[in-house]
Amino acid sequence: MLPTGLFVESGVMTTELITNTDPAPSRPESATLEPVKPNLYLRLWKGVPRELGFLLLAMPIAMIGFGVATGLLNTGVATLVTIFFGFVFLAALLYVGRGFGTLELVRLQWAGRPAIARPAWPVEPGFWGWVRSLFGNGHYWLYSLHTILINSIVSIVSWTLTILWLAIGLGGTTYWIWGRFTIVPDGSSSWFLSRILFRVFGVSVDGALDRWMVDSLFQLTLGLVFLATLPFVVHGLVLLHNVIARGVLGKFASEDLRVKVTDLSASREAAVSAEGHSLRRLERDIHDGPQQRLVRLQMDLAAAERQLKSDPKGAAKLIAEARQRSQEALDELRALSRGFAPPILLDRGIVAALESLASRSTLPVTVKSELDASVELPQEIERNAYFVASELVSNATKHSGASAIGVEIAMRRLPERDDWWLDVKVTDDGHGGANLVEGHGLAGLEERLRGLGGTLELDSPDGGPTVAIGHLPVTY
C-alpha cells in the first residue's frame, strides 16, 4: 500500500502521494528479508587471511606484553617497601595491562569478530580520586591478569597450532618440489613417511613400488587434509580468543544495569520536573487569562442585573461587554487546550490533528507525513507527538520571526537496537539563534522528552533556518 502524504499550507490542504519503499509495520517486527549468504565454507575461507594475521601476531604481541607487565609487577612488588616507587610501578602495570587488553579487542574486531562492549574508565577528580579510580576499578586488574597470564598461555597454544597446520598443509602439498633436495646418499630419508605408514599397515616396503612417488602422494594427501581444515582451525582459535576476551575484557553486565537504572532515575526526575513545570505554567495562564476575564464577566453581569430596571440601556451595554468577555475567555481556553490532546487526535489520529494545528496557525504551516497508512501508533505516543509539534510550532511563531513553518512526522527503525522511533521535525525560515536556555520553552520541552525516554535535537545557526526534531521511542 502506498502511504499518502498530506500537506496543509495557510489553512488549505493538498495531497501528495509519497512512495515509501520500507514502510514501518503496524507492529514493528525484527525479522527482515536478508540477502542470500554464500556457503559457510566459502565464508570461512574468505576470513582466513585476517584470522591468520591475527593468530600469527598473537604470540609476539603477547610475549611483549608479558615481558613488560611482568617486569613492572616484579619491580613494583620489590619496591613496595619504598611505597612511592612501588606505587608508581604498579600504576604503570595497570595502564600497560589496559593498553594490551584494548589492543586485543581492536585486533579481534579487525579479524572480523563483532565489537565487544568495552568498560568505562571513569576518573574521579583530584589525586586521591584518581588513585581510587585506578586501583579500585576491577577492569584494570582483569586486563593486567589477561596480559600477564591468560593471553600468554592462549596465544602460545593458538600460535603453535596455527604454525603446525600451516607447516603441514603447505609442506605436504609442496613436498614433491622440495623433497628430493632432502635425500641423503642412501635415500632413506625420502621414504621416511611411507616406511612408517607401510609398517603400521603391515605392508613391505621392499618391492617394485616407486618409493618416492608413494611418499609424495602421502605427503600431498596429508597436506590437502590440513589445508582443507585450515579455515575451521583458525576460525575456532580466533573464537577462543574472542570468548576469553568477552569474558575478561568486556564490561560487566551489572554496568549496563547500573546505567539503565541511572537513566531511568534521570528520566523519572525529568518527567516529574516537566510535569510540575507544565502544571505551574497552566495554573499561571489560567489565573492571568480566563480566570480574570470570568471574574470581570461575573461583575459585569451583577452590575447589569442591578441596572436592568433603572437603566435598561446601560444594562444592555454591560451585557454586550460581558458577552464579548465571555468570547475572549472562550478563545483563551481554546488556546490553552491546544497543549492537550484535542478530540480530533483521538478520533482521526496524529496526521489529522497536525492538520488542524496548521489550520489554526497565524503563519503558513506545511504538514508532511511519511507514516504508512497501516501504522497504528499508541494513543500516548500520538498525544506526546502532538504536544511536541504544538510546542515547537508555537515557539517558532512567537520567537523566530519566520514567514513559513514546516512540520514533518516519520518513523524510523534503529537496526542496532531493533526498536522504532517517531520523529517530529519542525523547520522555520526565521532568524535562528534558538537555544536550550534553562527556564524557557525549548528547555522545558527537552526535559519533557527526556522524561519520556526521548531526545530533542536542535540546529539553529544565526540567520536560520531553525530545525528542531523531537525523537520519541515507540513502545507497544
# chains A, B, ... in the order shown; residues from 1 in each chain; ligands from 1
>>> residues_around(residues="range 147-160 of chain A", least_positions_apart="2", cutoff="10 Å", atoms="only C-alpha atoms", output="ChimeraX atom specification")
/A:52,54-70,73,93-94,96-101,104,141-145,162-166,233-234,236-238,240-241,244-245,248
>>> atom_distance(atom1="CA of Val351 in chain A", atom2="CA of Ser400 in chain A")
24.1 Å
>>> atom_distance(atom1="CA of Val225 in chain A", atom2="CA of Arg50 in chain A")
21.2 Å
